[in-house]
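**Q** Below: one structure in structure tokens.
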Amino acid sequence: MVELWQIHATFMVTGLIVVIFVSLIARFFRTKPWWFRVHRIVATLGLIIVLVGFLTAFYMVSITSGLHFTIPHHWTGLSALIFATLTVLVGYLRPRLHLSRTHFRWIHIGLAFITAILMLLNIIFGFMLV
């Protein structure tokens, strides 16, 4: 039988893979006419995947110990979710931010990089719990 932590882990690892995939689309396919649309759709899908993984973990803790945000894995996961959300929001809000292309890219890419590092670190923290 599949346990909740396995479902949570699957969503989170998939979320990291999607973050990496979205970055590769932006880096290597920018000259293709479809890159931006695919980048935006897949990034949004990745955020949804990470959110479902987070909600699965929240539910799992609720029905067991009920002690949320007590260990580094919890806090790093919440931080990764926040940074993933900020990355996608900044991407969608680009026209309204009134930033130069260079400043926008530094912020957007920086947020995405921090997101990926936090997700990878949190996966390591998660494996230490199993």
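FYI, nothing fancy with the structure tokens labels: chains A, B, ... in order, residues from 1 per chain, ligands from 1 as they appear.
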For Phe11 (chain A), please output as an MDAnalysis selection string all residues within 12 Å (counting only C-alpha atoms; exclusion window: fewer than 2 positions along the same chain).
**A** chainID A and resid 4:9 13:18 45:57 119 123
**Q** Based on the selection just made, write N, CA and C atoms of those residues as a PDB file, in the first residue's frame.
**A**
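Printed below is selection-v7.pdb as written:
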```pdb
ATOM      1  N   LEU A   4       1.221   8.021   2.614  1.00  0.00           N
ATOM      2  CA  LEU A   4       1.123   9.453   2.314  1.00  0.00           C
ATOM      3  C   LEU A   4       2.487  10.096   2.082  1.00  0.00           C
ATOM      4  N   TRP A   5       3.501   9.687   2.847  1.00  0.00           N
ATOM      5  CA  TRP A   5       4.807  10.300   2.669  1.00  0.00           C
ATOM      6  C   TRP A   5       5.359   9.999   1.277  1.00  0.00           C
ATOM      7  N   GLN A   6       5.002   8.835   0.709  1.00  0.00           N
ATOM      8  CA  GLN A   6       5.457   8.496  -0.636  1.00  0.00           C
ATOM      9  C   GLN A   6       4.767   9.371  -1.687  1.00  0.00           C
ATOM     10  N   ILE A   7       3.494   9.651  -1.470  1.00  0.00           N
ATOM     11  CA  ILE A   7       2.760  10.546  -2.369  1.00  0.00           C
ATOM     12  C   ILE A   7       3.364  11.944  -2.279  1.00  0.00           C
ATOM     13  N   HIS A   8       3.607  12.409  -1.057  1.00  0.00           N
ATOM     14  CA  HIS A   8       4.221  13.716  -0.832  1.00  0.00           C
ATOM     15  C   HIS A   8       5.579  13.794  -1.536  1.00  0.00           C
ATOM     16  N   ALA A   9       6.405  12.785  -1.318  1.00  0.00           N
ATOM     17  CA  ALA A   9       7.749  12.780  -1.914  1.00  0.00           C
ATOM     18  C   ALA A   9       7.681  12.772  -3.440  1.00  0.00           C
ATOM     19  N   VAL A  13       9.468  15.704  -5.607  1.00  0.00           N
ATOM     20  CA  VAL A  13      10.543  15.395  -6.561  1.00  0.00           C
ATOM     21  C   VAL A  13      10.101  15.776  -7.972  1.00  0.00           C
ATOM     22  N   THR A  14       8.854  15.494  -8.304  1.00  0.00           N
ATOM     23  CA  THR A  14       8.313  15.895  -9.612  1.00  0.00           C
ATOM     24  C   THR A  14       8.351  17.413  -9.748  1.00  0.00           C
ATOM     25  N   GLY A  15       8.017  18.130  -8.682  1.00  0.00           N
ATOM     26  CA  GLY A  15       8.078  19.589  -8.702  1.00  0.00           C
ATOM     27  C   GLY A  15       9.473  20.095  -8.993  1.00  0.00           C
ATOM     28  N   LEU A  16      10.492  19.488  -8.379  1.00  0.00           N
ATOM     29  CA  LEU A  16      11.879  19.884  -8.649  1.00  0.00           C
ATOM     30  C   LEU A  16      12.243  19.611 -10.101  1.00  0.00           C
ATOM     31  N   ILE A  17      11.840  18.463 -10.612  1.00  0.00           N
ATOM     32  CA  ILE A  17      12.119  18.134 -12.017  1.00  0.00           C
ATOM     33  C   ILE A  17      11.470  19.160 -12.936  1.00  0.00           C
ATOM     34  N   VAL A  18      10.255  19.573 -12.617  1.00  0.00           N
ATOM     35  CA  VAL A  18       9.557  20.575 -13.437  1.00  0.00           C
ATOM     36  C   VAL A  18      10.292  21.914 -13.376  1.00  0.00           C
ATOM     37  N   LEU A  45       2.061  24.721 -13.852  1.00  0.00           N
ATOM     38  CA  LEU A  45       1.813  23.318 -13.515  1.00  0.00           C
ATOM     39  C   LEU A  45       2.760  22.864 -12.394  1.00  0.00           C
ATOM     40  N   GLY A  46       4.024  23.263 -12.475  1.00  0.00           N
ATOM     41  CA  GLY A  46       4.997  22.917 -11.440  1.00  0.00           C
ATOM     42  C   GLY A  46       4.605  23.471 -10.080  1.00  0.00           C
ATOM     43  N   LEU A  47       4.117  24.713 -10.068  1.00  0.00           N
ATOM     44  CA  LEU A  47       3.672  25.312  -8.813  1.00  0.00           C
ATOM     45  C   LEU A  47       2.486  24.539  -8.236  1.00  0.00           C
ATOM     46  N   ILE A  48       1.572  24.128  -9.087  1.00  0.00           N
ATOM     47  CA  ILE A  48       0.418  23.339  -8.628  1.00  0.00           C
ATOM     48  C   ILE A  48       0.882  22.002  -8.054  1.00  0.00           C
ATOM     49  N   ILE A  49       1.831  21.371  -8.710  1.00  0.00           N
ATOM     50  CA  ILE A  49       2.370  20.089  -8.230  1.00  0.00           C
ATOM     51  C   ILE A  49       3.003  20.261  -6.850  1.00  0.00           C
ATOM     52  N   VAL A  50       3.813  21.304  -6.683  1.00  0.00           N
ATOM     53  CA  VAL A  50       4.460  21.559  -5.393  1.00  0.00           C
ATOM     54  C   VAL A  50       3.420  21.877  -4.329  1.00  0.00           C
ATOM     55  N   LEU A  51       2.391  22.640  -4.684  1.00  0.00           N
ATOM     56  CA  LEU A  51       1.328  22.968  -3.725  1.00  0.00           C
ATOM     57  C   LEU A  51       0.588  21.704  -3.276  1.00  0.00           C
ATOM     58  N   VAL A  52       0.294  20.811  -4.211  1.00  0.00           N
ATOM     59  CA  VAL A  52      -0.369  19.544  -3.849  1.00  0.00           C
ATOM     60  C   VAL A  52       0.539  18.715  -2.940  1.00  0.00           C
ATOM     61  N   GLY A  53       1.835  18.688  -3.235  1.00  0.00           N
ATOM     62  CA  GLY A  53       2.780  17.982  -2.370  1.00  0.00           C
ATOM     63  C   GLY A  53       2.822  18.564  -0.965  1.00  0.00           C
ATOM     64  N   PHE A  54       2.797  19.895  -0.893  1.00  0.00           N
ATOM     65  CA  PHE A  54       2.789  20.567   0.407  1.00  0.00           C
ATOM     66  C   PHE A  54       1.509  20.259   1.176  1.00  0.00           C
ATOM     67  N   LEU A  55       0.382  20.337   0.496  1.00  0.00           N
ATOM     68  CA  LEU A  55      -0.901  20.059   1.158  1.00  0.00           C
ATOM     69  C   LEU A  55      -0.991  18.602   1.612  1.00  0.00           C
ATOM     70  N   THR A  56      -0.408  17.697   0.837  1.00  0.00           N
ATOM     71  CA  THR A  56      -0.353  16.286   1.236  1.00  0.00           C
ATOM     72  C   THR A  56       0.436  16.143   2.535  1.00  0.00           C
ATOM     73  N   ALA A  57       1.572  16.837   2.609  1.00  0.00           N
ATOM     74  CA  ALA A  57       2.395  16.780   3.821  1.00  0.00           C
ATOM     75  C   ALA A  57       1.661  17.392   5.006  1.00  0.00           C
ATOM     76  N   MET A 119      14.401  23.378  -2.728  1.00  0.00           N
ATOM     77  CA  MET A 119      13.726  22.100  -2.985  1.00  0.00           C
ATOM     78  C   MET A 119      14.701  20.936  -2.876  1.00  0.00           C
ATOM     79  N   ILE A 123      14.563  17.983  -0.123  1.00  0.00           N
ATOM     80  CA  ILE A 123      14.506  16.561  -0.461  1.00  0.00           C
ATOM     81  C   ILE A 123      15.536  15.782   0.349  1.00  0.00           C
TER      82      ILE A 123
END
```
**Q** Choose the residue, out of A:Val2, A:Ala112, A:Leu120, A:Ala43, that has the smallest atom-to-atom separation from His73 (chain A); count only C-alpha atoms.
**A** A:Leu120
**Q** Can you tell me which residues surround Tyr92 (chain A) at a distance of at most 12 Å, considering only C-alpha atoms, apart from same-chain residues fewer than 2 positions away, and format the answer as a PyMOL selection string?
**A** chain A and resi 36-37+39-41+43-44+85-90+94-97+104+108
**Q** I'd like the contact shell of Gly110 (chain A) - 12 Å cut-off, only C-alpha atoms, skipping same-chain residues fewer than 3 positions apart - returned as JSON, numbers by chain.
**A** {"A": [23, 83, 84, 86, 87, 90, 91, 102, 103, 104, 105, 106, 107, 113, 114, 115, 116, 117]}
**Q** With distances taken over only C-alpha atoms, which residue among A:Ser100, A:Thr31, A:Asn122, A:Thr10 lies nearest Leu81 (chain A)?
**A**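 Answer, going by the shortest atom-to-atom distance: A:Asn122.
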**Q** Could you pull out the alpha helix (DSSP H) residues of chain A from DSSP and send them as a VMD selection string?
**A** chain A and resid 4 to 28 35 to 63 72 to 92 94 to 97 101 to 129
**Q** For Leu24 (chain A), which residue out of A:Met12, A:Ile71, A:Leu93, A:Ile109 is the nearest one, using only C-alpha atoms?
**A**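 Checking each of A:Met12, A:Ile71, A:Leu93, A:Ile109 against Leu24 (chain A), counting only C-alpha atoms, the winner is A:Ile109.
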**Q** Using only C-alpha atoms, pick whichever of A:His74, A:Phe29, A:Trp34, A:Phe58 has the shortest atom-to-atom distance to Leu129 (chain A).
**A**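 With only C-alpha atoms as the atom set, the closest residue is A:His74.
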